[in-house]
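For reference, work-v9.cif (mmCIF, C-alpha atoms):
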```cif
data_data
#
loop_
_atom_site.label_atom_id
_atom_site.label_comp_id
_atom_site.auth_asym_id
_atom_site.auth_seq_id
_atom_site.Cartn_x
_atom_site.Cartn_y
_atom_site.Cartn_z
CA MET O 1 0.00 0.00 0.00
CA ASN O 2 1.49 3.37 -0.92
CA LYS O 3 1.64 6.18 1.61
CA ALA O 4 -1.38 8.10 0.31
CA ALA O 5 -3.61 5.05 0.55
CA GLU O 6 -2.19 4.24 3.98
CA ASP O 7 -2.92 7.75 5.22
CA GLN O 8 -6.42 7.65 3.81
CA ARG O 9 -7.04 4.38 5.59
CA LYS O 10 -5.93 5.96 8.86
CA VAL O 11 -8.26 8.91 8.35
CA VAL O 12 -11.16 6.55 7.66
CA THR O 13 -10.37 4.61 10.85
CA GLN O 14 -10.46 7.81 12.89
CA MET O 15 -13.77 8.79 11.36
CA GLU O 16 -15.22 5.36 12.09
CA GLU O 17 -14.15 5.67 15.70
CA MET O 18 -15.72 9.10 15.86
CA LEU O 19 -18.94 7.79 14.38
CA LEU O 20 -19.09 5.17 17.08
CA GLU O 21 -18.55 7.89 19.68
CA THR O 22 -21.33 9.98 18.12
CA PHE O 23 -23.65 7.01 18.23
CA ASN O 24 -22.87 6.22 21.86
CA THR O 25 -23.24 9.83 22.94
CA MET O 26 -26.50 10.19 21.10
CA LYS O 27 -27.80 7.02 22.77
CA LYS O 28 -27.01 8.46 26.17
CA VAL O 29 -28.41 11.90 25.47
CA CYS O 30 -31.65 10.72 23.90
CA SER O 31 -32.26 8.10 26.60
CA ASP O 32 -31.82 10.77 29.24
CA LYS O 33 -34.11 13.22 27.49
CA CYS O 34 -36.83 10.86 26.39
CA THR O 35 -37.27 8.00 28.78
CA SER O 36 -38.86 8.40 32.15
CA TYR O 37 -37.07 7.35 35.32
CA LYS O 38 -40.07 5.64 36.75
CA TYR O 39 -39.51 2.24 35.11
CA ASP O 40 -43.01 0.94 35.76
CA LYS O 41 -43.18 -0.87 32.41
CA THR O 42 -40.80 -2.72 30.09
CA ASP O 43 -42.19 -1.33 26.82
CA LEU O 44 -41.66 2.19 25.63
CA VAL O 45 -44.71 4.33 26.05
CA LYS O 46 -45.83 5.83 22.75
CA ASN O 47 -44.61 9.34 23.49
CA GLU O 48 -41.23 7.97 24.56
CA ALA O 49 -40.87 6.23 21.20
CA VAL O 50 -41.87 9.34 19.26
CA CYS O 51 -39.52 11.43 21.38
CA ILE O 52 -36.67 9.07 20.59
CA ASP O 53 -37.35 9.27 16.85
CA ARG O 54 -37.34 13.04 16.96
CA CYS O 55 -34.33 13.17 19.24
CA VAL O 56 -32.24 11.10 16.86
CA ALA O 57 -33.29 13.28 13.92
CA LYS O 58 -32.43 16.45 15.78
CA TYR O 59 -29.17 15.14 17.12
CA MET O 60 -27.86 14.16 13.73
CA ASP O 61 -29.05 17.49 12.32
CA LEU O 62 -27.21 19.43 14.99
CA HIS O 63 -24.16 17.20 14.62
CA ASP O 64 -24.01 18.04 10.92
CA SER O 65 -24.40 21.78 11.31
CA ILE O 66 -21.81 21.92 14.08
CA GLY O 67 -19.47 19.90 11.88
CA LYS O 68 -19.88 22.42 9.09
CA ARG O 69 -19.11 25.32 11.39
CA LEU O 70 -16.07 23.63 12.92
CA SER O 71 -14.49 22.75 9.61
CA ARG O 72 -15.05 26.21 8.16
CA ASP O 73 -11.66 27.64 9.08
CA LYS O 74 -8.23 26.41 9.98
CA GLU O 75 -8.14 28.48 13.18
CA THR O 76 -11.04 26.58 14.68
CA TYR O 77 -9.56 23.25 13.64
CA ASP O 78 -6.20 24.18 15.19
CA LEU O 79 -7.86 25.35 18.39
CA LEU O 80 -9.55 22.01 18.89
CA ALA O 81 -6.86 19.74 17.44
CA ASN O 82 -3.78 20.97 19.28
CA PRO O 83 -3.29 21.31 23.03
CA PRO O 84 -1.83 24.68 24.09
CA TYR O 85 1.49 23.21 25.01
CA GLU O 86 4.41 21.67 23.20
CA THR O 87 3.85 17.93 22.95
CA ASN O 88 7.14 17.03 21.30
CA PRO O 89 9.59 16.62 24.19
CA LEU O 90 12.48 17.44 21.88
CA LYS O 91 11.14 20.92 21.22
CA THR O 92 10.52 22.17 24.73
CA GLU O 93 12.51 25.03 26.24
CA ALA O 94 13.67 22.77 29.04
CA PHE O 95 15.20 20.33 26.58
CA LYS O 96 16.89 23.13 24.64
CA LEU O 97 18.40 24.58 27.80
CA LYS O 98 19.60 21.17 28.87
CA THR O 99 21.26 20.58 25.50
CA GLU O 100 23.01 23.93 25.77
CA ALA O 101 24.14 23.15 29.31
CA ASP O 102 25.44 19.75 28.25
CA LYS O 103 27.45 21.32 25.44
CA LEU O 104 29.04 23.81 27.81
CA LEU O 105 29.88 21.14 30.32
CA SER O 106 31.39 18.62 27.89
CA MET F 1 16.98 -9.36 13.80
CA LYS F 2 17.21 -10.71 10.21
CA ASN F 3 13.51 -10.33 9.52
CA MET F 4 13.70 -6.69 10.58
CA ALA F 5 15.62 -5.95 7.34
CA GLY F 6 12.45 -4.64 5.71
CA LEU F 7 12.08 -2.08 8.48
CA GLN F 8 15.51 -0.62 7.86
CA GLY F 9 14.16 2.45 6.11
CA MET F 10 11.82 3.22 8.98
CA GLN F 11 13.46 4.56 12.10
CA PRO F 12 11.46 4.51 15.33
CA GLY F 13 10.97 8.26 14.93
CA ALA F 14 9.39 7.86 11.50
CA GLN F 15 6.94 5.21 12.67
CA GLN F 16 5.92 7.31 15.60
CA SER F 17 5.24 10.38 13.48
CA VAL F 18 2.68 8.54 11.34
CA GLU F 19 0.65 7.71 14.46
CA GLU F 20 1.39 11.08 16.02
CA SER F 21 0.14 12.93 12.97
CA MET F 22 -3.27 11.32 13.46
CA ARG F 23 -3.50 12.46 17.04
CA PRO F 24 -4.51 16.08 16.39
CA PHE F 25 -7.18 14.90 13.98
CA ARG F 26 -8.42 12.40 16.54
CA GLU F 27 -8.49 15.11 19.19
CA PHE F 28 -10.46 17.38 16.86
CA LEU F 29 -13.05 14.66 16.30
CA THR F 30 -13.30 13.99 20.04
CA GLN F 31 -13.86 17.68 20.76
CA TYR F 32 -16.41 17.83 17.95
CA ASN F 33 -18.44 15.12 19.63
CA LYS F 34 -18.16 16.74 23.04
CA ILE F 35 -19.35 20.09 21.75
CA THR F 36 -22.28 18.47 19.99
CA GLU F 37 -23.23 16.63 23.17
CA LYS F 38 -23.02 19.73 25.33
CA CYS F 39 -24.93 22.03 23.01
CA PHE F 40 -27.60 19.47 22.28
CA THR F 41 -28.14 18.68 25.96
CA ASP F 42 -28.32 22.34 26.94
CA CYS F 43 -30.27 23.72 24.00
CA VAL F 44 -32.62 21.13 22.53
CA THR F 45 -35.65 20.59 24.72
CA ASP F 46 -38.64 20.61 22.38
CA PHE F 47 -39.56 17.15 21.20
CA THR F 48 -42.95 17.99 19.75
CA THR F 49 -41.25 18.27 16.35
CA ARG F 50 -38.46 16.48 14.52
CA ASN F 51 -37.05 19.74 13.18
CA ILE F 52 -34.78 22.00 15.17
CA THR F 53 -36.76 25.07 16.19
CA ASN F 54 -35.54 28.65 15.76
CA THR F 55 -34.98 29.07 19.49
CA GLU F 56 -32.99 25.86 19.64
CA ASN F 57 -31.04 26.89 16.56
CA SER F 58 -29.93 30.26 17.90
CA CYS F 59 -29.17 28.67 21.28
CA SER F 60 -26.95 26.09 19.56
CA ILE F 61 -25.12 28.69 17.51
CA ASN F 62 -24.45 30.73 20.64
CA CYS F 63 -23.44 27.63 22.56
CA LEU F 64 -20.97 26.67 19.87
CA GLU F 65 -19.38 30.10 19.56
CA LYS F 66 -19.23 30.55 23.30
CA THR F 67 -17.60 27.15 23.76
CA LEU F 68 -14.97 27.98 21.15
CA LYS F 69 -14.22 31.35 22.77
CA THR F 70 -14.04 29.71 26.19
CA THR F 71 -11.63 27.09 24.86
CA GLN F 72 -9.53 29.82 23.26
CA ARG F 73 -9.29 31.83 26.47
CA ILE F 74 -8.53 28.79 28.61
CA SER F 75 -5.78 27.79 26.19
CA GLU F 76 -4.22 31.24 26.38
CA ARG F 77 -4.22 31.33 30.18
CA PHE F 78 -2.91 27.79 30.33
CA GLN F 79 -0.10 28.60 27.96
CA GLU F 80 0.89 31.61 30.08
CA HIS F 81 0.86 29.45 33.16
CA GLN F 82 3.04 26.83 31.54
CA LEU F 83 5.59 29.38 30.38
CA LEU F 84 5.67 31.13 33.71
CA ASN F 85 6.01 28.13 35.96
CA VAL F 86 7.67 25.55 33.79
CA GLU F 87 9.60 26.77 30.81
CA ASP F 88 10.64 30.32 30.24
CA PRO F 89 9.61 33.14 32.60
CA SER F 90 10.70 35.92 30.22
CA ALA F 91 8.56 34.59 27.38
CA ALA F 92 5.64 34.37 29.81
CA MET F 93 5.97 38.01 30.80
CA GLN F 94 5.98 38.93 27.12
CA GLN F 95 2.88 36.82 26.50
CA MET F 96 1.00 38.28 29.43
CA GLY F 97 1.61 41.77 28.11
CA LYS F 98 -0.67 41.02 25.11
#
```
Output the file's structure in the form of structure tokens.
Amino acid sequence: MNKAAEDQRKVVTQMEEMLLETFNTMKKVCSDKCTSYKYDKTDLVKNEAVCIDRCVAKYMDLHDSIGKRLSRDKETYDLLANPPYETNPLKTEAFKLKTEADKLLS
Amino acid sequence: MKNMAGLQGMQPGAQQSVEESMRPFREFLTQYNKITEKCFTDCVTDFTTRNITNTENSCSINCLEKTLKTTQRISERFQEHQLLNVEDPSAAMQQMGK
């Protein structure tokens, strides 16, 4: 597999994982919003079922429009993708200072 | 070690960077889901219709923008804190002047 195909496969994997996360989150949110906490029956009452249908529709709708907004500009992507600190240990100030110190001492 | 001959071209650093390069993207997707969850939970309350209402829509837009601004501000303060206490006090003082 060439690199481009390999990278694309990785992206697809990430998106699949995200889709699973979306599904699980939506399950939790819609159960909380739509089903009663009284548990006096096993079946869903009619309005619970209708609520769930609508909840799923709305959730996916909102998910899509948020996705559009978030991917609109690079700034937003960068804000969410990168933590506000240096993650590569070789690039930190501390490491640079240490390297300098080592040079002086050797 | 003989069967590692095929891996000669790939140093440990190279292998790591392929996985590492996916991490920001993964983080973006995680945050995307979290924002959706938060704004949906806080804003969408009307289940008499399957369409998002105008109230819910403007609430969600505000929620999204506010969350992004909050994240931005928190990141800035965090970065200042890191510089001040961990890395480079002079750079932190410069940053805080902004």
For this session: Check every residue of chain F for an atom within 6 Å of chain O, counting only C-alpha atoms, and provide those that qualify as a ChimeraX atom specification.
Result: /F:24-25,27-28,36,47,50,75,79,87
Exercise. Quick one: distance from atom CA of O:Ala5 to atom CA of F:Tyr32 in Å, one decimal?
Worked result: 25.1 Å
For this session: Could you tell me how far atom CA of O:Arg9 lies from atom CA of O:Arg72, in Å and to one decimal?
Result: 23.4 Å
Exercise. Could you state the separation of atom CA of F:Glu56 and atom CA of F:Cys43 in Å, given to one decimal place?
Worked result: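 Straight-line distance from atom CA of F:Glu56 to atom CA of F:Cys43 works out to 5.6 Å.
Minimum distance to O:Ser31 across F:Ser58, F:Asn51, F:Thr41, F:Arg26 (counting only C-alpha atoms) occurs at F:Thr41.
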Exercise. Using all atoms listed in the file, which of F:Met22, F:Val44, F:Leu29, F:Leu83 sits nearest F:Ile61?
Worked result: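 Closest to F:Ile61 of all the choices is F:Val44.
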Exercise. From the set F:Asp42, F:Gln94, F:Val86, F:Thr49, which residue has the shortest atom-to-atom contact distance to F:Leu64, counting all atoms listed in the file?
Worked result: F:Asp42
